[in-house]
$ cat upload_35.cif   # mmCIF, C-alpha atoms
data_structure
#
loop_
_atom_site.label_atom_id
_atom_site.label_comp_id
_atom_site.auth_asym_id
_atom_site.auth_seq_id
_atom_site.Cartn_x
_atom_site.Cartn_y
_atom_site.Cartn_z
CA MET V 24 34.07 -47.78 51.98
CA LYS V 25 34.52 -51.53 51.88
CA LYS V 26 36.68 -51.96 48.81
CA PHE V 27 38.92 -48.93 48.82
CA ASN V 28 39.93 -46.65 51.69
CA TYR V 29 40.09 -43.23 50.02
CA TYR V 30 41.28 -41.56 53.22
CA ASN V 31 44.33 -43.79 53.72
CA ALA V 32 45.09 -43.57 50.00
CA VAL V 33 45.25 -39.77 49.96
CA SER V 34 47.09 -39.56 53.31
CA SER V 35 49.89 -41.81 52.11
CA ALA V 36 50.15 -40.15 48.69
CA SER V 37 50.28 -36.62 50.09
CA ILE V 38 52.85 -37.46 52.79
CA LEU V 39 55.01 -39.34 50.29
CA LEU V 40 54.80 -36.50 47.78
CA THR V 41 56.01 -33.99 50.37
CA MET V 42 58.87 -36.29 51.33
CA LEU V 43 59.82 -36.81 47.69
CA VAL V 44 59.65 -33.08 46.91
CA ILE V 45 61.92 -32.12 49.81
CA SER V 46 64.36 -35.03 49.54
CA ALA V 47 64.71 -34.71 45.75
CA GLU V 48 65.87 -31.09 46.18
CA PHE V 49 68.60 -32.10 48.61
CA ILE V 50 69.56 -35.55 47.31
CA LYS V 51 70.46 -35.01 43.68
CA PRO V 52 70.97 -38.73 42.92
CA LEU V 53 67.30 -39.29 43.89
CA LYS V 54 66.11 -36.62 41.45
CA ASP V 55 68.43 -38.02 38.76
CA PHE V 56 67.21 -41.55 39.45
CA LEU V 57 63.56 -40.50 39.06
CA ALA V 58 64.45 -38.64 35.87
CA SER V 59 66.43 -41.54 34.42
CA VAL V 60 63.76 -44.16 35.11
CA PHE V 61 60.68 -42.07 34.25
CA PHE V 62 62.11 -39.59 31.69
CA HIS V 63 61.43 -36.65 34.05
CA HIS V 64 61.54 -36.35 37.85
CA TRP V 65 57.98 -34.93 37.88
CA ILE V 66 56.67 -37.99 36.01
CA GLY V 67 58.61 -40.19 38.45
CA LYS V 68 56.98 -38.54 41.45
CA ALA V 69 53.56 -38.82 39.77
CA VAL V 70 53.97 -42.55 39.04
CA VAL V 71 55.25 -43.32 42.56
CA ILE V 72 52.47 -41.48 44.39
CA ILE V 73 49.73 -42.83 42.09
CA LEU V 74 50.96 -46.38 42.75
CA VAL V 75 51.05 -45.73 46.50
CA PHE V 76 47.57 -44.13 46.35
CA ILE V 77 46.14 -47.25 44.66
CA LEU V 78 48.05 -49.83 46.73
CA VAL V 79 47.40 -48.24 50.14
CA GLY V 80 43.74 -47.61 49.27
CA PHE V 81 43.21 -51.27 48.47
CA LEU V 82 45.51 -52.85 51.05
CA TYR V 83 45.30 -50.67 54.18
CA LYS V 84 41.68 -50.45 55.23
CA GLU V 85 42.05 -49.72 58.96
CA ASN V 86 39.95 -46.74 59.93
CA ARG V 87 42.53 -45.45 62.39
CA VAL V 88 46.04 -44.25 61.54
CA PHE V 89 48.46 -43.63 64.45
CA ASN V 90 45.39 -43.78 66.69
CA VAL V 91 43.70 -40.96 64.73
CA GLN V 92 40.46 -41.38 62.77
CA ASP V 93 41.34 -41.95 59.09
CA GLU V 94 39.06 -39.12 57.94
CA LYS V 95 40.76 -36.58 60.22
CA PHE V 96 44.23 -37.93 59.42
CA ALA V 97 43.57 -37.70 55.67
CA TRP V 98 42.29 -34.12 55.85
CA ASN V 99 45.13 -32.93 58.10
CA SER V 100 47.87 -34.70 56.14
CA THR V 101 46.58 -33.33 52.82
CA ILE V 102 46.34 -29.73 54.06
CA ILE V 103 49.71 -29.92 55.85
CA SER V 104 51.34 -31.42 52.74
CA LEU V 105 50.00 -28.65 50.49
CA VAL V 106 51.19 -25.95 52.91
CA MET V 107 54.57 -27.63 53.45
CA ILE V 108 55.25 -27.85 49.72
CA LEU V 109 54.59 -24.11 49.32
CA LEU V 110 56.62 -23.18 52.41
CA PHE V 111 59.47 -25.43 51.38
CA PHE V 112 59.85 -23.73 48.00
CA ILE V 113 59.65 -20.26 49.59
CA ILE V 114 62.34 -21.13 52.17
CA HIS V 115 64.43 -22.99 49.59
CA TYR V 116 64.40 -19.95 47.29
CA PHE V 117 65.53 -17.51 49.96
CA ILE V 118 68.19 -19.61 51.69
CA ARG V 119 69.71 -21.27 48.64
CA MET Y 6 49.84 -32.18 19.29
CA SER Y 7 50.73 -28.52 19.37
CA ARG Y 8 51.57 -26.48 22.43
CA ASP Y 9 48.50 -24.28 21.96
CA LEU Y 10 46.14 -27.26 21.91
CA PHE Y 11 47.60 -28.59 25.15
CA LEU Y 12 47.45 -25.11 26.64
CA TYR Y 13 43.78 -24.58 25.76
CA LEU Y 14 42.91 -28.07 27.03
CA HIS Y 15 44.82 -27.35 30.23
CA ILE Y 16 42.96 -24.06 30.78
CA LEU Y 17 39.51 -25.46 29.87
CA VAL Y 18 39.82 -28.56 32.05
CA GLY Y 19 41.28 -26.42 34.86
CA LEU Y 20 38.25 -24.11 34.63
CA ALA Y 21 35.97 -27.15 34.71
CA LEU Y 22 37.66 -28.17 37.96
CA ILE Y 23 36.55 -24.85 39.45
CA LEU Y 24 32.99 -24.88 38.10
CA LEU Y 25 32.10 -28.56 38.59
CA PRO Y 26 32.95 -28.62 42.33
CA ILE Y 27 30.81 -25.46 42.78
CA MET Y 28 27.88 -27.26 41.12
CA ILE Y 29 28.51 -30.34 43.25
CA ILE Y 30 28.70 -28.30 46.47
CA PHE Y 31 25.22 -26.93 45.67
CA GLN Y 32 24.03 -30.48 44.97
CA THR Y 33 25.29 -31.66 48.37
CA GLN Y 34 22.76 -29.33 49.99
CA GLU Y 35 19.83 -31.03 48.27
CA LYS Y 36 18.13 -33.89 50.01
CA LYS Y 37 18.16 -36.24 47.04
CA SER Y 38 20.11 -35.18 43.99
CA LYS Y 39 20.20 -37.29 40.83
CA TRP Y 40 23.07 -35.20 39.43
CA ILE Y 41 25.62 -35.50 42.22
CA LYS Y 42 26.98 -38.95 41.30
CA PRO Y 43 27.40 -38.35 37.55
CA LEU Y 44 28.91 -34.91 38.21
CA SER Y 45 31.28 -36.36 40.82
CA PHE Y 46 32.37 -39.14 38.46
CA ILE Y 47 32.99 -36.70 35.61
CA THR Y 48 34.96 -34.34 37.88
CA ALA Y 49 37.20 -37.12 39.19
CA LEU Y 50 37.70 -38.46 35.66
CA ILE Y 51 38.68 -35.12 34.15
CA SER Y 52 40.99 -34.37 37.07
CA TRP Y 53 43.02 -37.43 36.01
CA ILE Y 54 42.75 -36.52 32.32
CA LEU Y 55 44.15 -33.08 33.16
CA LEU Y 56 47.50 -34.73 33.90
CA ILE Y 57 47.94 -35.36 30.15
CA PRO Y 58 47.91 -31.74 28.88
CA SER Y 59 49.58 -30.41 32.03
CA GLY Y 60 52.30 -33.07 31.92
CA ASN Y 61 52.96 -32.43 28.23
CA LEU Y 62 53.10 -28.68 28.74
CA TYR Y 63 55.42 -29.00 31.72
CA VAL Y 64 57.80 -31.62 30.35
CA LYS Y 65 57.92 -30.66 26.65
CA PHE Y 66 57.17 -26.95 26.43
CA TYR Y 67 57.85 -25.37 29.82
CA PRO Y 68 61.70 -25.68 29.79
CA ALA Y 69 61.97 -22.79 27.29
CA THR Y 70 59.67 -20.60 29.43
CA LYS Y 71 61.62 -21.63 32.53
CA THR Y 72 64.87 -20.40 30.96
CA LEU Y 73 63.25 -17.04 30.21
CA ILE Y 74 61.78 -16.70 33.70
CA LYS Y 75 64.99 -17.66 35.49
CA ALA Y 76 67.02 -15.22 33.40
CA GLY Y 77 64.54 -12.41 34.03
CA SER Y 78 63.86 -10.12 36.96
CA ARG Y 79 61.40 -12.50 38.66
CA PRO Y 80 63.13 -15.90 38.99
CA TRP Y 81 60.96 -16.59 42.07
CA VAL Y 82 58.04 -17.13 39.70
CA HIS Y 83 59.64 -20.42 38.67
CA SER Y 84 61.35 -21.31 41.96
CA ILE Y 85 58.29 -20.75 44.12
CA ILE Y 86 55.12 -20.48 42.03
CA MET Y 87 55.81 -23.06 39.32
CA GLU Y 88 57.54 -25.54 41.60
CA THR Y 89 54.57 -25.39 43.99
CA LYS Y 90 51.97 -25.57 41.20
CA GLU Y 91 53.54 -28.56 39.48
CA HIS Y 92 53.48 -30.54 42.73
CA TRP Y 93 50.07 -29.40 43.96
CA GLY Y 94 48.79 -30.53 40.58
CA LEU Y 95 49.76 -34.11 41.38
CA LEU Y 96 47.43 -34.11 44.40
CA LEU Y 97 44.49 -32.60 42.51
CA PRO Y 98 43.19 -35.88 40.98
CA MET Y 99 43.58 -37.65 44.30
CA ILE Y 100 41.57 -35.01 46.13
CA ALA Y 101 38.87 -35.24 43.43
CA THR Y 102 38.88 -39.04 43.72
CA VAL Y 103 38.46 -38.88 47.50
CA ALA Y 104 35.55 -36.45 47.11
CA ALA Y 105 33.89 -38.59 44.41
CA GLY Y 106 34.56 -41.79 46.35
CA LEU Y 107 32.79 -40.33 49.39
CA VAL Y 108 29.80 -39.36 47.23
CA PHE Y 109 29.58 -42.91 45.83
CA SER Y 110 29.88 -44.24 49.41
CA ASN Y 111 26.85 -42.06 50.27
CA LYS Y 112 28.99 -39.87 52.54
CA ILE Y 113 27.74 -36.73 50.82
CA LYS Y 114 28.16 -34.44 53.83
CA GLU Y 115 31.75 -35.64 54.41
CA SER Y 116 32.58 -35.06 50.75
CA ARG Y 117 31.70 -31.36 50.89
CA LYS Y 118 35.00 -30.09 52.37
CA TRP Y 119 36.98 -32.12 49.81
CA TRP Y 120 35.02 -30.47 46.97
CA VAL Y 121 35.70 -27.08 48.56
CA LEU Y 122 39.40 -27.94 48.78
CA LEU Y 123 39.41 -29.02 45.11
CA MET Y 124 37.72 -25.77 44.07
CA VAL Y 125 40.05 -23.54 46.15
CA LEU Y 126 43.14 -25.39 44.93
CA SER Y 127 41.99 -25.12 41.30
CA ILE Y 128 41.41 -21.37 41.68
CA LEU Y 129 44.84 -20.89 43.29
CA MET Y 130 46.49 -22.93 40.55
CA GLY Y 131 44.69 -20.89 37.91
CA ILE Y 132 46.06 -17.68 39.45
CA MET Y 133 49.53 -19.25 39.64
CA GLY Y 134 49.28 -20.24 35.96
CA TRP Y 135 48.36 -16.68 35.06
CA ILE Y 136 51.41 -15.35 36.97
CA ILE Y 137 53.71 -17.88 35.26
CA THR Y 138 52.34 -17.08 31.80
CA ASN Y 139 52.86 -13.35 32.36
CA ALA Y 140 56.38 -13.85 33.71
CA GLY Y 141 57.29 -15.91 30.62
CA VAL Y 142 56.15 -13.26 28.14
CA VAL Y 143 59.03 -11.40 26.54
CA ARG Y 144 58.33 -7.66 26.61
#
$ encode --input "upload_35.cif" --output "structure tokens"
Amino acid sequence: MKKFNYYNAVSSASILLTMLVISAEFIKPLKDFLASVFFHHWIGKAVVIILVFILVGFLYKENRVFNVQDEKFAWNSTIISLVMILLFFIIHYFIR
Amino acid sequence: MSRDLFLYLHILVGLALILLPIMIIFQTQEKKSKWIKPLSFITALISWILLIPSGNLYVKFYPATKTLIKAGSRPWVHSIIMETKEHWGLLLPMIATVAAGLVFSNKIKESRKWWVLLMVLSILMGIMGWIITNAGVVR
């Protein structure tokens, strides 16, 4: 993978998505900002993480992230992000 | 375009994202497959294309369904299932791109778990879509 680091791209996009999902539920101005700029907060999140996916993939080509192999980091961060998003909405529903 | 057209496209492309990874997973077990690269490219491409019907359905047509679901006896269908599905859906094309990128980098073995993840996620999202559709039906 000389031109594009797929692992770093997906790690950064999945972590950022989880952060955006959680923070947008608690910080209403952030959700409103995404909605006002991109017509809908979901489109805003999509545009932001796609841009980060492309930029990080092209610009950050180190094969270690926080001293962890990029492949392992990418897999773990993607799985953890998917689980965290589900858990967040379950918890958010019951404690709201 | 009408809601139904987007809906059928959404379902068909979603089904393709279950079937294509299965075909690719079988191809990864072959020593030299001539199909794995074209199949991987097509899968990654359609995973990005899927954002068009799903985005249109969610932004334009889902708000009416959301109102019905939230006013009904199962508001958790929106608050948990739909909220999760809409965000998992954003990671789907990226997971497919990673898997396809690994295939094109001749890391076929490493790509296998990403294809499995894509397939499992697509199946789960299909089930979630079915639950949402049923919750939004007025009886």
$ residues_around --input "upload_35.cif" --residues "segment 56-71 of chain Y" --least-positions-apart "2" --cutoff "9 Å" --atoms "all atoms listed in the file" --output "short mmCIF file (atom, residue, chain, number, x, y, z; two decimals) with C-alpha atoms, in the coordinates of the input"
data_model
loop_
_atom_site.label_atom_id
_atom_site.label_comp_id
_atom_site.auth_asym_id
_atom_site.auth_seq_id
_atom_site.Cartn_x
_atom_site.Cartn_y
_atom_site.Cartn_z
CA HIS V 63 61.43 -36.65 34.05
CA TRP V 65 57.98 -34.93 37.88
CA ILE V 66 56.67 -37.99 36.01
CA ARG Y 8 51.57 -26.48 22.43
CA LEU Y 10 46.14 -27.26 21.91
CA PHE Y 11 47.60 -28.59 25.15
CA LEU Y 12 47.45 -25.11 26.64
CA TYR Y 13 43.78 -24.58 25.76
CA LEU Y 14 42.91 -28.07 27.03
CA HIS Y 15 44.82 -27.35 30.23
CA ILE Y 51 38.68 -35.12 34.15
CA SER Y 52 40.99 -34.37 37.07
CA TRP Y 53 43.02 -37.43 36.01
CA ILE Y 54 42.75 -36.52 32.32
CA LEU Y 73 63.25 -17.04 30.21
CA ILE Y 74 61.78 -16.70 33.70
CA LYS Y 75 64.99 -17.66 35.49
CA ALA Y 76 67.02 -15.22 33.40
CA PRO Y 80 63.13 -15.90 38.99
CA HIS Y 83 59.64 -20.42 38.67
CA GLU Y 91 53.54 -28.56 39.48
CA GLY Y 94 48.79 -30.53 40.58
CA LEU Y 95 49.76 -34.11 41.38
CA PRO Y 98 43.19 -35.88 40.98
CA ILE Y 137 53.71 -17.88 35.26
CA THR Y 138 52.34 -17.08 31.80
CA ALA Y 140 56.38 -13.85 33.71
CA GLY Y 141 57.29 -15.91 30.62
CA VAL Y 142 56.15 -13.26 28.14
#
$ interface_residues --input "upload_35.cif" --of "chain Y" --to "chain V" --cutoff "10 Å" --atoms "all atoms listed in the file" --output "ChimeraX atom specification"
/Y:56,60,63-64,80-81,83-96,98-100,102-107,109-112,115,118-119,122,126
$ atom_distance --input "upload_35.cif" --atom1 "atom CA of Ser45 of chain Y" --atom2 "atom CA of Asn86 of chain V"
23.4 Å
$ atom_distance --input "upload_35.cif" --atom1 "atom CA of Val79 of chain V" --atom2 "atom CA of Ser35 of chain V"
7.2 Å
$ atom_distance --input "upload_35.cif" --atom1 "atom CA of Lys36 of chain Y" --atom2 "atom CA of Ile113 of chain Y"
10.1 Å
